[in-house]
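Content type PDB, C-alpha atoms and all ligand atoms, from the file protein.pdb:
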```pdb
ATOM      1  CA  MET L   1     -30.505  48.836 -20.401  1.00  0.00           C
ATOM      2  CA  THR L   2     -29.080  48.503 -23.899  1.00  0.00           C
ATOM      3  CA  TYR L   3     -25.831  46.621 -24.351  1.00  0.00           C
ATOM      4  CA  ASP L   4     -22.752  48.796 -24.857  1.00  0.00           C
ATOM      5  CA  SER L   5     -20.280  46.899 -27.024  1.00  0.00           C
ATOM      6  CA  GLN L   6     -17.447  49.093 -25.701  1.00  0.00           C
ATOM      7  CA  ASN L   7     -17.664  47.678 -22.170  1.00  0.00           C
ATOM      8  CA  ILE L   8     -14.470  46.167 -20.747  1.00  0.00           C
ATOM      9  CA  PHE L   9     -15.613  42.558 -20.932  1.00  0.00           C
ATOM     10  CA  ALA L  10     -16.739  42.931 -24.541  1.00  0.00           C
ATOM     11  CA  LYS L  11     -13.221  44.154 -25.309  1.00  0.00           C
ATOM     12  CA  ILE L  12     -11.746  41.145 -23.489  1.00  0.00           C
ATOM     13  CA  LEU L  13     -14.006  38.821 -25.493  1.00  0.00           C
ATOM     14  CA  ARG L  14     -12.825  40.434 -28.755  1.00  0.00           C
ATOM     15  CA  GLY L  15      -9.203  40.092 -27.656  1.00  0.00           C
ATOM     16  CA  GLU L  16      -8.719  43.874 -27.517  1.00  0.00           C
ATOM     17  CA  LEU L  17      -7.826  43.716 -23.813  1.00  0.00           C
ATOM     18  CA  PRO L  18      -5.886  40.923 -22.066  1.00  0.00           C
ATOM     19  CA  CYS L  19      -7.183  38.713 -19.299  1.00  0.00           C
ATOM     20  CA  LYS L  20      -5.768  35.996 -17.080  1.00  0.00           C
ATOM     21  CA  LYS L  21      -7.844  33.177 -18.523  1.00  0.00           C
ATOM     22  CA  VAL L  22      -9.076  30.315 -16.363  1.00  0.00           C
ATOM     23  CA  TYR L  23     -11.431  28.567 -18.786  1.00  0.00           C
ATOM     24  CA  GLU L  24     -13.095  29.061 -22.167  1.00  0.00           C
ATOM     25  CA  ASP L  25     -15.621  27.167 -24.252  1.00  0.00           C
ATOM     26  CA  ASP L  26     -18.226  28.006 -26.899  1.00  0.00           C
ATOM     27  CA  HIS L  27     -20.483  29.863 -24.485  1.00  0.00           C
ATOM     28  CA  ALA L  28     -18.343  31.176 -21.644  1.00  0.00           C
ATOM     29  CA  LEU L  29     -15.048  32.763 -20.705  1.00  0.00           C
ATOM     30  CA  ALA L  30     -13.632  32.735 -17.173  1.00  0.00           C
ATOM     31  CA  PHE L  31     -10.756  34.892 -15.968  1.00  0.00           C
ATOM     32  CA  TYR L  32      -9.291  36.234 -12.749  1.00  0.00           C
ATOM     33  CA  ASP L  33     -10.689  39.501 -11.445  1.00  0.00           C
ATOM     34  CA  ILE L  34      -8.165  42.316 -11.865  1.00  0.00           C
ATOM     35  CA  ASP L  35      -8.829  43.560  -8.322  1.00  0.00           C
ATOM     36  CA  PRO L  36      -9.466  40.413  -6.280  1.00  0.00           C
ATOM     37  CA  GLN L  37     -11.606  40.770  -3.183  1.00  0.00           C
ATOM     38  CA  THR L  38     -10.814  37.262  -1.907  1.00  0.00           C
ATOM     39  CA  PRO L  39      -7.787  34.958  -2.393  1.00  0.00           C
ATOM     40  CA  VAL L  40      -9.648  33.325  -5.287  1.00  0.00           C
ATOM     41  CA  HIS L  41     -11.793  35.734  -7.300  1.00  0.00           C
ATOM     42  CA  VAL L  42     -12.821  34.629 -10.781  1.00  0.00           C
ATOM     43  CA  LEU L  43     -15.367  36.084 -13.199  1.00  0.00           C
ATOM     44  CA  VAL L  44     -17.344  33.873 -15.575  1.00  0.00           C
ATOM     45  CA  ILE L  45     -19.030  35.665 -18.460  1.00  0.00           C
ATOM     46  CA  PRO L  46     -21.281  34.453 -21.249  1.00  0.00           C
ATOM     47  CA  LYS L  47     -19.917  35.120 -24.734  1.00  0.00           C
ATOM     48  CA  GLY L  48     -23.152  36.710 -25.917  1.00  0.00           C
ATOM     49  CA  ALA L  49     -24.038  40.386 -25.531  1.00  0.00           C
ATOM     50  CA  TYR L  50     -26.093  40.399 -22.327  1.00  0.00           C
ATOM     51  CA  VAL L  51     -26.132  43.130 -19.715  1.00  0.00           C
ATOM     52  CA  SER L  52     -27.517  41.322 -16.698  1.00  0.00           C
ATOM     53  CA  PHE L  53     -28.999  38.128 -15.352  1.00  0.00           C
ATOM     54  CA  ASP L  54     -32.546  39.208 -16.175  1.00  0.00           C
ATOM     55  CA  ASP L  55     -31.528  40.241 -19.703  1.00  0.00           C
ATOM     56  CA  PHE L  56     -29.723  36.925 -20.229  1.00  0.00           C
ATOM     57  CA  SER L  57     -32.553  34.812 -18.875  1.00  0.00           C
ATOM     58  CA  GLU L  58     -34.993  36.550 -21.225  1.00  0.00           C
ATOM     59  CA  ARG L  59     -33.002  36.621 -24.482  1.00  0.00           C
ATOM     60  CA  ALA L  60     -30.350  33.877 -24.367  1.00  0.00           C
ATOM     61  CA  SER L  61     -30.895  30.521 -26.058  1.00  0.00           C
ATOM     62  CA  GLU L  62     -31.222  27.318 -24.063  1.00  0.00           C
ATOM     63  CA  ALA L  63     -27.715  26.364 -25.207  1.00  0.00           C
ATOM     64  CA  GLU L  64     -26.256  29.680 -24.033  1.00  0.00           C
ATOM     65  CA  ILE L  65     -27.977  29.408 -20.662  1.00  0.00           C
ATOM     66  CA  ALA L  66     -26.879  25.823 -20.144  1.00  0.00           C
ATOM     67  CA  GLY L  67     -23.396  26.623 -21.390  1.00  0.00           C
ATOM     68  CA  TRP L  68     -22.838  29.544 -19.036  1.00  0.00           C
ATOM     69  CA  ILE L  69     -24.306  27.838 -15.974  1.00  0.00           C
ATOM     70  CA  ARG L  70     -22.300  24.687 -16.633  1.00  0.00           C
ATOM     71  CA  ALA L  71     -19.151  26.760 -17.095  1.00  0.00           C
ATOM     72  CA  VAL L  72     -19.606  28.414 -13.693  1.00  0.00           C
ATOM     73  CA  GLY L  73     -19.846  25.012 -12.044  1.00  0.00           C
ATOM     74  CA  LYS L  74     -16.952  23.585 -14.042  1.00  0.00           C
ATOM     75  CA  VAL L  75     -14.668  26.461 -13.062  1.00  0.00           C
ATOM     76  CA  ALA L  76     -15.603  25.945  -9.414  1.00  0.00           C
ATOM     77  CA  ARG L  77     -14.810  22.233  -9.676  1.00  0.00           C
ATOM     78  CA  ASP L  78     -11.618  22.741 -11.686  1.00  0.00           C
ATOM     79  CA  LEU L  79     -10.316  25.174  -9.064  1.00  0.00           C
ATOM     80  CA  GLY L  80     -11.158  22.736  -6.277  1.00  0.00           C
ATOM     81  CA  LEU L  81     -13.687  25.023  -4.651  1.00  0.00           C
ATOM     82  CA  PRO L  82     -16.662  22.790  -3.754  1.00  0.00           C
ATOM     83  CA  ALA L  83     -15.079  21.187  -0.687  1.00  0.00           C
ATOM     84  CA  PRO L  84     -13.757  24.290   1.068  1.00  0.00           C
ATOM     85  CA  GLY L  85     -16.708  26.250  -0.292  1.00  0.00           C
ATOM     86  CA  TYR L  86     -17.253  29.292  -2.457  1.00  0.00           C
ATOM     87  CA  ARG L  87     -19.814  31.983  -3.237  1.00  0.00           C
ATOM     88  CA  VAL L  88     -21.317  33.040  -6.561  1.00  0.00           C
ATOM     89  CA  ILE L  89     -22.731  36.521  -7.036  1.00  0.00           C
ATOM     90  CA  ALA L  90     -23.981  38.379 -10.108  1.00  0.00           C
ATOM     91  CA  ASN L  91     -24.443  42.078  -9.444  1.00  0.00           C
ATOM     92  CA  CYS L  92     -27.226  43.491 -11.605  1.00  0.00           C
ATOM     93  CA  GLY L  93     -28.029  47.173 -11.905  1.00  0.00           C
ATOM     94  CA  ALA L  94     -27.497  50.287  -9.841  1.00  0.00           C
ATOM     95  CA  ASP L  95     -28.472  49.101  -6.371  1.00  0.00           C
ATOM     96  CA  ALA L  96     -26.153  46.103  -6.756  1.00  0.00           C
ATOM     97  CA  HIS L  97     -23.319  48.410  -7.892  1.00  0.00           C
ATOM     98  CA  GLN L  98     -22.797  46.613 -11.194  1.00  0.00           C
ATOM     99  CA  GLU L  99     -19.727  48.292 -12.697  1.00  0.00           C
ATOM    100  CA  VAL L 100     -19.330  46.390 -15.945  1.00  0.00           C
ATOM    101  CA  ALA L 101     -22.484  46.126 -18.058  1.00  0.00           C
ATOM    102  CA  HIS L 102     -21.808  42.635 -19.391  1.00  0.00           C
ATOM    103  CA  LEU L 103     -23.273  39.812 -17.310  1.00  0.00           C
ATOM    104  CA  HIS L 104     -20.671  38.203 -15.074  1.00  0.00           C
ATOM    105  CA  MET L 105     -20.728  35.745 -12.211  1.00  0.00           C
ATOM    106  CA  HIS L 106     -18.221  36.367  -9.456  1.00  0.00           C
ATOM    107  CA  LEU L 107     -16.719  33.293  -7.810  1.00  0.00           C
ATOM    108  CA  PHE L 108     -15.301  34.125  -4.404  1.00  0.00           C
ATOM    109  CA  ALA L 109     -13.251  31.574  -2.445  1.00  0.00           C
ATOM    110  CA  GLY L 110     -10.051  30.863  -0.586  1.00  0.00           C
ATOM    111  CA  THR L 111     -11.092  32.130   2.820  1.00  0.00           C
ATOM    112  CA  ASP L 112     -14.006  32.018   5.226  1.00  0.00           C
ATOM    113  CA  LEU L 113     -16.437  34.263   3.384  1.00  0.00           C
ATOM    114  CA  GLY L 114     -18.576  35.009   6.386  1.00  0.00           C
ATOM    115  CA  ARG L 115     -22.330  35.082   6.291  1.00  0.00           C
ATOM    116  CA  MET L 116     -23.806  36.664   3.191  1.00  0.00           C
ATOM    117  CA  ILE L 117     -26.680  38.320   5.001  1.00  0.00           C
ATOM    118  CA  LYS L 118     -26.145  40.611   7.956  1.00  0.00           C
ATOM    119  CA  PRO L 119     -26.929  39.000  11.290  1.00  0.00           C
ATOM    120  CA  ARG L 120     -30.570  39.593  12.173  1.00  0.00           C
ATOM    121  CA  GLU L 121     -29.678  41.914  15.051  1.00  0.00           C
ATOM    122  CA  LYS L 122     -27.731  44.242  12.724  1.00  0.00           C
ATOM    123  CA  ARG L 123     -30.414  44.578  10.050  1.00  0.00           C
ATOM    124  CA  GLU L 124     -32.300  47.822   9.681  1.00  0.00           C
ATOM    125  CA  GLY L 125     -36.010  48.049  10.149  1.00  0.00           C
TER     126      GLY L 125
HETATM  127  P1  LIG L 201     -19.313  44.387 -10.771  1.00  0.00           P
HETATM  128  O1  LIG L 201     -19.261  45.453  -9.736  1.00  0.00           O
HETATM  129  O2  LIG L 201     -20.114  43.185 -10.319  1.00  0.00           O
HETATM  130  O3  LIG L 201     -19.755  44.913 -12.121  1.00  0.00           O
HETATM  131  O4  LIG L 201     -17.829  43.837 -10.905  1.00  0.00           O
HETATM  132  C1  LIG L 201     -16.967  44.168 -11.955  1.00  0.00           C
HETATM  133  C2  LIG L 201     -15.669  43.476 -11.662  1.00  0.00           C
HETATM  134  O5  LIG L 201     -14.861  43.518 -12.813  1.00  0.00           O
HETATM  135  C3  LIG L 201     -14.868  44.104 -10.525  1.00  0.00           C
HETATM  136  O6  LIG L 201     -14.642  43.122  -9.513  1.00  0.00           O
HETATM  137  C4  LIG L 201     -13.562  44.545 -11.201  1.00  0.00           C
HETATM  138  O7  LIG L 201     -12.438  44.395 -10.377  1.00  0.00           O
HETATM  139  C5  LIG L 201     -13.519  43.618 -12.402  1.00  0.00           C
HETATM  140  N1  LIG L 201     -12.740  44.104 -13.552  1.00  0.00           N
HETATM  141  C6  LIG L 201     -12.778  45.339 -14.113  1.00  0.00           C
HETATM  142  N2  LIG L 201     -11.952  45.397 -15.159  1.00  0.00           N
HETATM  143  C7  LIG L 201     -11.367  44.176 -15.275  1.00  0.00           C
HETATM  144  C8  LIG L 201     -10.430  43.604 -16.157  1.00  0.00           C
HETATM  145  N3  LIG L 201      -9.875  44.319 -17.168  1.00  0.00           N
HETATM  146  N4  LIG L 201     -10.057  42.314 -15.976  1.00  0.00           N
HETATM  147  C9  LIG L 201     -10.591  41.600 -14.956  1.00  0.00           C
HETATM  148  N5  LIG L 201     -11.502  42.073 -14.093  1.00  0.00           N
HETATM  149  C10 LIG L 201     -11.878  43.347 -14.237  1.00  0.00           C
END
```

As structure tokens, what does this structure read like?
Ligand code: AMP
Amino acid sequence: MTYDSQNIFAKILRGELPCKKVYEDDHALAFYDIDPQTPVHVLVIPKGAYVSFDDFSERASEAEIAGWIRAVGKVARDLGLPAPGYRVIANCGADAHQEVAHLHMHLFAGTDLGRMIKPREKREG
């Protein structure tokens, strides 16, 4: 998938759209999700033009990769999430229902998040 520079997060990075900023450094920007699915719902995006995790891991520099990963962890720590617990998810592509085609890590927290995977007895097949 080619990167569309008109996606919402690209506009936020260029300052064309506002965001409720949590953290920013040379490689990453973190802001609150506009439609939170949990009491704490933050998105952490790399500043470079990457569509997905696989795209990023292939094309990003070592500094960009380290910078983004470290930013995700720093945001979690700064928000006090490690002790109660949190979940990170990056939706990539159609089956994952990725809506915004700029790589982003969701941080979900602030409540019991339940099990990520369906209980074995409820799985299909
Ligand atoms: P995904 O389905 O993983 O692509 O998630 C995209 C996320 O971006 C959703 O949780 C949206 O609520 C969120 N979102 C969309 N527009 C904005 C915006 N302008 N500011 C903050 N979050 C947004």

Atom-to-atom span, CA of Asn91 in chain L and CA of Asp78 in chain L, Å: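 Between CA of Asn91 in chain L and CA of Asp78 in chain L the gap is 23.3 Å.
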
Nearby residues, ligand LIG 201 (chain L), 10 Å, only C-alpha atoms and all ligand atoms, as a PyMOL selection string: chain L and resi 7-9+11-12+17-21+30-37+41-43+52+89-94+96-106

With C-alpha atoms kept, could you save the residues just selected as a CSV table (one decimal), in the frame of the given file?
```
chain,number,residue,atom,x,y,z
L,7,ASN,CA,-17.7,47.7,-22.2
L,8,ILE,CA,-14.5,46.2,-20.7
L,9,PHE,CA,-15.6,42.6,-20.9
L,11,LYS,CA,-13.2,44.2,-25.3
L,12,ILE,CA,-11.7,41.1,-23.5
L,17,LEU,CA,-7.8,43.7,-23.8
L,18,PRO,CA,-5.9,40.9,-22.1
L,19,CYS,CA,-7.2,38.7,-19.3
L,20,LYS,CA,-5.8,36.0,-17.1
L,21,LYS,CA,-7.8,33.2,-18.5
L,30,ALA,CA,-13.6,32.7,-17.2
L,31,PHE,CA,-10.8,34.9,-16.0
L,32,TYR,CA,-9.3,36.2,-12.7
L,33,ASP,CA,-10.7,39.5,-11.4
L,34,ILE,CA,-8.2,42.3,-11.9
L,35,ASP,CA,-8.8,43.6,-8.3
L,36,PRO,CA,-9.5,40.4,-6.3
L,37,GLN,CA,-11.6,40.8,-3.2
L,41,HIS,CA,-11.8,35.7,-7.3
L,42,VAL,CA,-12.8,34.6,-10.8
L,43,LEU,CA,-15.4,36.1,-13.2
L,52,SER,CA,-27.5,41.3,-16.7
L,89,ILE,CA,-22.7,36.5,-7.0
L,90,ALA,CA,-24.0,38.4,-10.1
L,91,ASN,CA,-24.4,42.1,-9.4
L,92,CYS,CA,-27.2,43.5,-11.6
L,93,GLY,CA,-28.0,47.2,-11.9
L,94,ALA,CA,-27.5,50.3,-9.8
L,96,ALA,CA,-26.2,46.1,-6.8
L,97,HIS,CA,-23.3,48.4,-7.9
L,98,GLN,CA,-22.8,46.6,-11.2
L,99,GLU,CA,-19.7,48.3,-12.7
L,100,VAL,CA,-19.3,46.4,-15.9
L,101,ALA,CA,-22.5,46.1,-18.1
L,102,HIS,CA,-21.8,42.6,-19.4
L,103,LEU,CA,-23.3,39.8,-17.3
L,104,HIS,CA,-20.7,38.2,-15.1
L,105,MET,CA,-20.7,35.7,-12.2
L,106,HIS,CA,-18.2,36.4,-9.5
```

Pick from L:Glu121, L:Asp112, L:Asp25, L:Glu16 nearest to Gly67 in chain L, counting only C-alpha atoms: L:Asp25

Contacts of Ala76 in chain L within 10 Å, all atoms listed in the file, excl. fewer than 2 positions in-chain, as a list in words: Val42, Arg70, Ala71, Val72, Gly73, Lys74, Asp78, Leu79, Gly80, Leu81, Pro82, Ala83, Gly85, Tyr86, Arg87, Val88, Leu107, Phe108 and Ala109 of chain L

Point-to-point distance in Å for CA of Ser5 in chain L and CA of Ala60 in chain L: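 CA of Ser5 in chain L lies 16.7 Å from CA of Ala60 in chain L.
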
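In this comparison, which uses all atoms listed in the file, the residue of L:Ala10, L:Ile65, L:Ala28, L:Leu113 approaching Pro46 in chain L most closely is L:Ala28.
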
Picked residues, the PyMOL selection byres (((chain L and resi 48) around 8) and not hetatm), as a PyMOL selection string: chain L and resi 27+46-47+49-50+60+64

Expected axis-aligned box over every listed atom of range 85-98 of chain L, 8 Å added per side, centre plus edges in Å to one decimal, as lines of an AutoDock Vina configuration file:
```
center_x = -22.6
center_y = 38.3
center_z = -6.1
size_x = 27.8
size_y = 40.0
size_z = 27.6
```

Which residue of L:Ile117, L:Arg77, L:Asp26, L:Thr38 approaches Ala63 in chain L most closely, using only C-alpha atoms: L:Asp26

Separation of CA of Glu58 in chain L from CA of Ile45 in chain L, in Å and rounded to one decimal: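 So the two atoms, CA of Glu58 in chain L and CA of Ile45 in chain L, lie 16.2 Å apart.
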